[in-house]
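Some notes on the structure that comes next.
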Amino acid sequence: MSWRQVVASLRGRFGGRERRSDQDIDDELMFHLRESLEERLDEGHSPDAAWSEARARFGSLVSAANDCRRTASARFAHPTLLAALLASVLTLVLGWLVIEVRALRSDRLESGNDLSGTILDYRGAPIADAQVLVVLKTWPGGWFRQDAFQAVSDRHGSFRLAGLLPQSGQFAVQLSALRDGYAWQSIYQLHESGAESRFEPVTLRLEQATTITLSVRDSHGRPLPHVRLTPAARRSRQGASHLVYLQGSEPVHEISDAWGTITLRCFEQGDVGDIFLQTPRGEWERHSIAISDEATPVVVSANSDSEEVRDKPTTVEAVDRG
Amino acid sequence: MPTPEPKASLLQGSLDLLILRTLMSGSHHGYSITKHLRQVSEEFLQVEEGSLYPALHRLERRGWVDSHWGTSESNRRAKYYRLTAKGRKQLQVETAAWTKMSQAIERVLNHRPAEA
């Protein structure tokens, strides 16, 4: 490979970085608008009013995106070969540092605080064998990392993840509890840096779930067997929001049968729910489903939540409810 | 007639200061910074939300903050910003400058001309 090809290749890499930067800016601004929109909806605005309010608060989207791009392009302008080589060396050094920091983090986890709690049903009786999915976000040495952990409740409904929580520094815990037949719940707690690292035992009371059967189909209406699915979010009629992160969700994955059907007993009647669905190509898509007692099936097309959806090969149809 | 330039630069400087101060408590994504400013100022500070991002990118370019992608509390991909060591120093500088300026303004406002 000639030096010109090397330079061209490096320029290609930097060009790719610029394109990624453009996409990142779009993603960042869209994330803001979505969060703002949801906050306005939570305040009781109609969808149209919520969107108008979110846009008004944001100001000019085009102007913000252009300003960000100008800053980014100034950062990436005219990369030299030397700069590219330096970046490669730095990447290697940083990679080594990340490994070191992770090793340090593993050591610290052994001497951390426990995360524990109890899962009860709506009558206050303990729920055994509930899946407790935990995602721990930490910023060791300024680096962000996100790890998934799992526990199962015992016959007393209790669970414990020993030594999981850092004794100092900023961290956040996302905890979801799921058990077949019960509407799952989650909590999210952020511990600011400098605050006392104390995490009170968690108690979650799960309501009885309704049964829904989903029929997973491709764009031609043909059933899709062996498709993996996991609950992603549910917003109850009372307005409470609960989440399951895709990371670490394997214990609660469901798989469609030979006719493309999956029965779910983890949503409550009246919920607005989201599910993650893995397409035959291995991509995860997010779909919204309304959990109601209407007799007519609810059909959700793949592009109903375009942020996470990269393609739309499938249709999810709620065909039966009990 | 006063030009709008001094006011714009004052606002820009203030926004940088407010962002840096917010990031003192740890990593935040842009929307969480906006909410924090609104809540802590008891809805008094109404920053046009779109102006936050060019400011964040500018601060990142100066090395005062760095960023990473993570999952937000709403389970979405979000860009988090964090104060760097250089940013902490800059925060001290900006805080001191702001304190001096507000004290100077207060002195002017409270000034009583000597009676003749």
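Every chain in the structure tokens has a letter given in the order shown (A, B, ...), and although residue numbers restart at 1 in each chain, ligands are simply numbered from 1 in the order shown.
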| said: Set the distance at 8 Å and use only C-alpha atoms: which residues neighbour Glu254 in chain A once local chain neighbours fewer than 3 positions away are removed? I'd like the list as number ranges by chain. | reply: A: 228-230, 262
Could you please take those selected residues and save N, CA and C atoms as a PDB file, in the first residue's frame?
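Below is the file that was written, result-v1.pdb:
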```pdb
ATOM      1  N   ARG A 228     -37.000 -13.434  18.895  1.00  0.00           N
ATOM      2  CA  ARG A 228     -36.768 -13.130  20.310  1.00  0.00           C
ATOM      3  C   ARG A 228     -37.429 -11.803  20.666  1.00  0.00           C
ATOM      4  N   LEU A 229     -38.006 -11.736  21.845  1.00  0.00           N
ATOM      5  CA  LEU A 229     -38.739 -10.529  22.264  1.00  0.00           C
ATOM      6  C   LEU A 229     -38.498 -10.286  23.746  1.00  0.00           C
ATOM      7  N   THR A 230     -38.453  -9.037  24.121  1.00  0.00           N
ATOM      8  CA  THR A 230     -38.342  -8.706  25.545  1.00  0.00           C
ATOM      9  C   THR A 230     -39.139  -7.437  25.830  1.00  0.00           C
ATOM     10  N   ILE A 262     -46.433 -15.259  20.508  1.00  0.00           N
ATOM     11  CA  ILE A 262     -45.785 -15.170  21.821  1.00  0.00           C
ATOM     12  C   ILE A 262     -46.844 -14.723  22.827  1.00  0.00           C
TER      13      ILE A 262
END
```
| message | DSSP on the backbone, helix (DSSP H, G or I) only: what residues of chain B does that give? Format it as a ChimeraX atom specification. | response | /B:5-25,30-40,49-61,85-110
| query | What lies within 10 Å of range 15-21 of chain B using only C-alpha atoms, ignoring chain neighbours under 6 positions off, as a ChimeraX atom specification? | reply | /B:9,28,30,33-34,36-37,47,51-52,55-56,58-59,64-65,81-84,87-88,90-95,98
| field | range 113-123 of chain A environment, 7 Å, only C-alpha atoms, sequence neighbours closer than 5 positions dropped, as a list in words | value |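 So the residues in contact are Gly157, Ser158, Phe159, Arg160, Leu161, Ala162, Gly163, Leu164, Leu165, Pro166, Gln167, Phe199, Pro201, Val202, Thr203, Leu204, Arg205, Leu206 and Glu207 of chain A.
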Could you write out the selected residues, including all heavy atoms, as a compact mmCIF listing (two decimals), in the first residue's frame?
```txt
# COMPACT_ATOMS: atom_id res chain seq x y z
N GLY A 157 -39.33 -13.92 48.72
CA GLY A 157 -39.39 -12.76 47.82
C GLY A 157 -38.13 -11.91 47.88
O GLY A 157 -38.07 -10.85 47.26
N SER A 158 -37.13 -12.38 48.62
CA SER A 158 -35.92 -11.56 48.84
C SER A 158 -34.85 -11.84 47.78
O SER A 158 -34.75 -12.95 47.25
CB SER A 158 -35.32 -11.86 50.21
OG SER A 158 -36.28 -11.62 51.20
N PHE A 159 -34.07 -10.83 47.52
CA PHE A 159 -32.90 -11.00 46.64
C PHE A 159 -31.77 -10.15 47.19
O PHE A 159 -31.99 -9.20 47.95
CB PHE A 159 -33.25 -10.58 45.20
CG PHE A 159 -33.47 -9.10 45.05
CD1 PHE A 159 -32.42 -8.24 44.75
CD2 PHE A 159 -34.74 -8.55 45.23
CE1 PHE A 159 -32.63 -6.88 44.63
CE2 PHE A 159 -34.95 -7.19 45.11
CZ PHE A 159 -33.89 -6.35 44.81
N ARG A 160 -30.57 -10.51 46.80
CA ARG A 160 -29.40 -9.74 47.24
C ARG A 160 -28.29 -9.88 46.21
O ARG A 160 -28.02 -10.98 45.71
CB ARG A 160 -28.91 -10.27 48.59
CG ARG A 160 -27.64 -9.57 49.12
CD ARG A 160 -27.27 -10.11 50.49
NE ARG A 160 -28.33 -9.85 51.47
CZ ARG A 160 -28.47 -8.70 52.13
NH1 ARG A 160 -27.59 -7.74 51.96
NH2 ARG A 160 -29.45 -8.54 52.98
N LEU A 161 -27.68 -8.76 45.87
CA LEU A 161 -26.47 -8.77 45.04
C LEU A 161 -25.36 -8.21 45.91
O LEU A 161 -25.28 -6.99 46.14
CB LEU A 161 -26.69 -7.94 43.78
CG LEU A 161 -27.60 -8.59 42.73
CD1 LEU A 161 -28.14 -7.56 41.75
CD2 LEU A 161 -26.85 -9.68 41.97
N ALA A 162 -24.55 -9.12 46.44
CA ALA A 162 -23.56 -8.73 47.44
C ALA A 162 -22.43 -7.93 46.83
O ALA A 162 -21.89 -8.31 45.78
CB ALA A 162 -23.02 -9.97 48.14
N GLY A 163 -22.08 -6.85 47.49
CA GLY A 163 -20.90 -6.06 47.10
C GLY A 163 -21.02 -5.37 45.75
O GLY A 163 -20.02 -4.99 45.16
N LEU A 164 -22.23 -5.18 45.29
CA LEU A 164 -22.41 -4.65 43.92
C LEU A 164 -22.13 -3.15 43.83
O LEU A 164 -21.53 -2.68 42.87
CB LEU A 164 -23.84 -4.92 43.45
CG LEU A 164 -24.15 -4.41 42.05
CD1 LEU A 164 -23.50 -5.32 41.02
CD2 LEU A 164 -25.65 -4.35 41.80
N LEU A 165 -22.57 -2.41 44.84
CA LEU A 165 -22.57 -0.95 44.70
C LEU A 165 -21.25 -0.32 45.14
O LEU A 165 -20.69 -0.70 46.17
CB LEU A 165 -23.72 -0.36 45.53
CG LEU A 165 -25.11 -0.92 45.20
CD1 LEU A 165 -26.15 -0.35 46.14
CD2 LEU A 165 -25.46 -0.61 43.76
N PRO A 166 -20.78 0.63 44.37
CA PRO A 166 -19.54 1.32 44.75
C PRO A 166 -19.71 2.04 46.09
O PRO A 166 -20.82 2.47 46.42
CB PRO A 166 -19.34 2.35 43.63
CG PRO A 166 -20.22 1.93 42.53
CD PRO A 166 -21.34 1.18 43.12
N GLN A 167 -18.64 2.14 46.83
CA GLN A 167 -18.73 2.83 48.11
C GLN A 167 -18.59 4.33 47.96
O GLN A 167 -18.88 5.08 48.89
CB GLN A 167 -17.65 2.29 49.06
CG GLN A 167 -17.95 0.86 49.49
CD GLN A 167 -16.96 0.33 50.47
OE1 GLN A 167 -15.80 0.76 50.47
NE2 GLN A 167 -17.37 -0.60 51.31
N PHE A 199 -27.93 2.66 49.84
CA PHE A 199 -29.04 2.23 48.99
C PHE A 199 -29.98 1.40 49.86
O PHE A 199 -29.66 0.29 50.26
CB PHE A 199 -28.49 1.39 47.83
CG PHE A 199 -29.40 1.31 46.65
CD1 PHE A 199 -29.20 2.13 45.55
CD2 PHE A 199 -30.47 0.44 46.63
CE1 PHE A 199 -30.03 2.06 44.45
CE2 PHE A 199 -31.32 0.37 45.55
CZ PHE A 199 -31.09 1.18 44.45
N PRO A 201 -32.89 -1.04 51.07
CA PRO A 201 -33.47 -2.21 50.40
C PRO A 201 -34.73 -1.83 49.63
O PRO A 201 -35.53 -1.02 50.07
CB PRO A 201 -33.80 -3.14 51.58
CG PRO A 201 -32.84 -2.74 52.64
CD PRO A 201 -32.65 -1.26 52.49
N VAL A 202 -34.86 -2.43 48.47
CA VAL A 202 -35.95 -2.10 47.56
C VAL A 202 -37.15 -3.01 47.85
O VAL A 202 -36.97 -4.21 48.07
CB VAL A 202 -35.50 -2.35 46.10
CG1 VAL A 202 -36.64 -2.10 45.13
CG2 VAL A 202 -34.31 -1.49 45.77
N THR A 203 -38.35 -2.45 47.86
CA THR A 203 -39.55 -3.29 47.94
C THR A 203 -40.46 -2.92 46.77
O THR A 203 -40.83 -1.76 46.61
CB THR A 203 -40.30 -3.07 49.27
OG1 THR A 203 -39.43 -3.41 50.34
CG2 THR A 203 -41.54 -3.96 49.32
N LEU A 204 -40.78 -3.92 45.97
CA LEU A 204 -41.67 -3.70 44.83
C LEU A 204 -42.90 -4.58 44.97
O LEU A 204 -42.79 -5.77 45.29
CB LEU A 204 -40.96 -4.01 43.51
CG LEU A 204 -39.80 -3.07 43.13
CD1 LEU A 204 -39.14 -3.54 41.84
CD2 LEU A 204 -40.29 -1.64 42.97
N ARG A 205 -44.06 -3.98 44.78
CA ARG A 205 -45.32 -4.74 44.81
C ARG A 205 -45.85 -4.83 43.38
O ARG A 205 -46.17 -3.81 42.78
CB ARG A 205 -46.35 -4.01 45.67
CG ARG A 205 -46.14 -4.19 47.16
CD ARG A 205 -47.14 -3.34 47.92
NE ARG A 205 -46.92 -3.44 49.35
CZ ARG A 205 -47.58 -4.27 50.15
NH1 ARG A 205 -48.51 -5.06 49.64
NH2 ARG A 205 -47.32 -4.32 51.44
N LEU A 206 -45.95 -6.04 42.89
CA LEU A 206 -46.35 -6.24 41.50
C LEU A 206 -47.83 -6.56 41.40
O LEU A 206 -48.33 -7.45 42.11
CB LEU A 206 -45.54 -7.37 40.86
CG LEU A 206 -44.01 -7.30 41.00
CD1 LEU A 206 -43.36 -8.39 40.14
CD2 LEU A 206 -43.47 -5.94 40.63
N GLU A 207 -48.50 -5.84 40.53
CA GLU A 207 -49.93 -6.08 40.30
C GLU A 207 -50.11 -7.28 39.39
O GLU A 207 -49.19 -7.69 38.68
CB GLU A 207 -50.57 -4.84 39.65
CG GLU A 207 -50.58 -3.60 40.52
CD GLU A 207 -51.47 -3.73 41.74
OE1 GLU A 207 -52.52 -4.40 41.64
OE2 GLU A 207 -51.10 -3.21 42.80
```
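Nearest residue to chain A among B:Glu60, B:Asp66, B:Glu43, B:Glu49 is B:Glu49, counting only C-alpha atoms.
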| request: Compute the set of chain A residues within 9 Å of chain B, using only C-alpha atoms, and express it as a VMD selection string. | output: chain A and resid 24 to 25 27 to 29 31 to 33 35 to 36 56 to 61 63 to 72 74 to 75 137 139 142 to 146 169 to 170 174 188 to 189 192 to 194 232 to 233 241 to 246 308
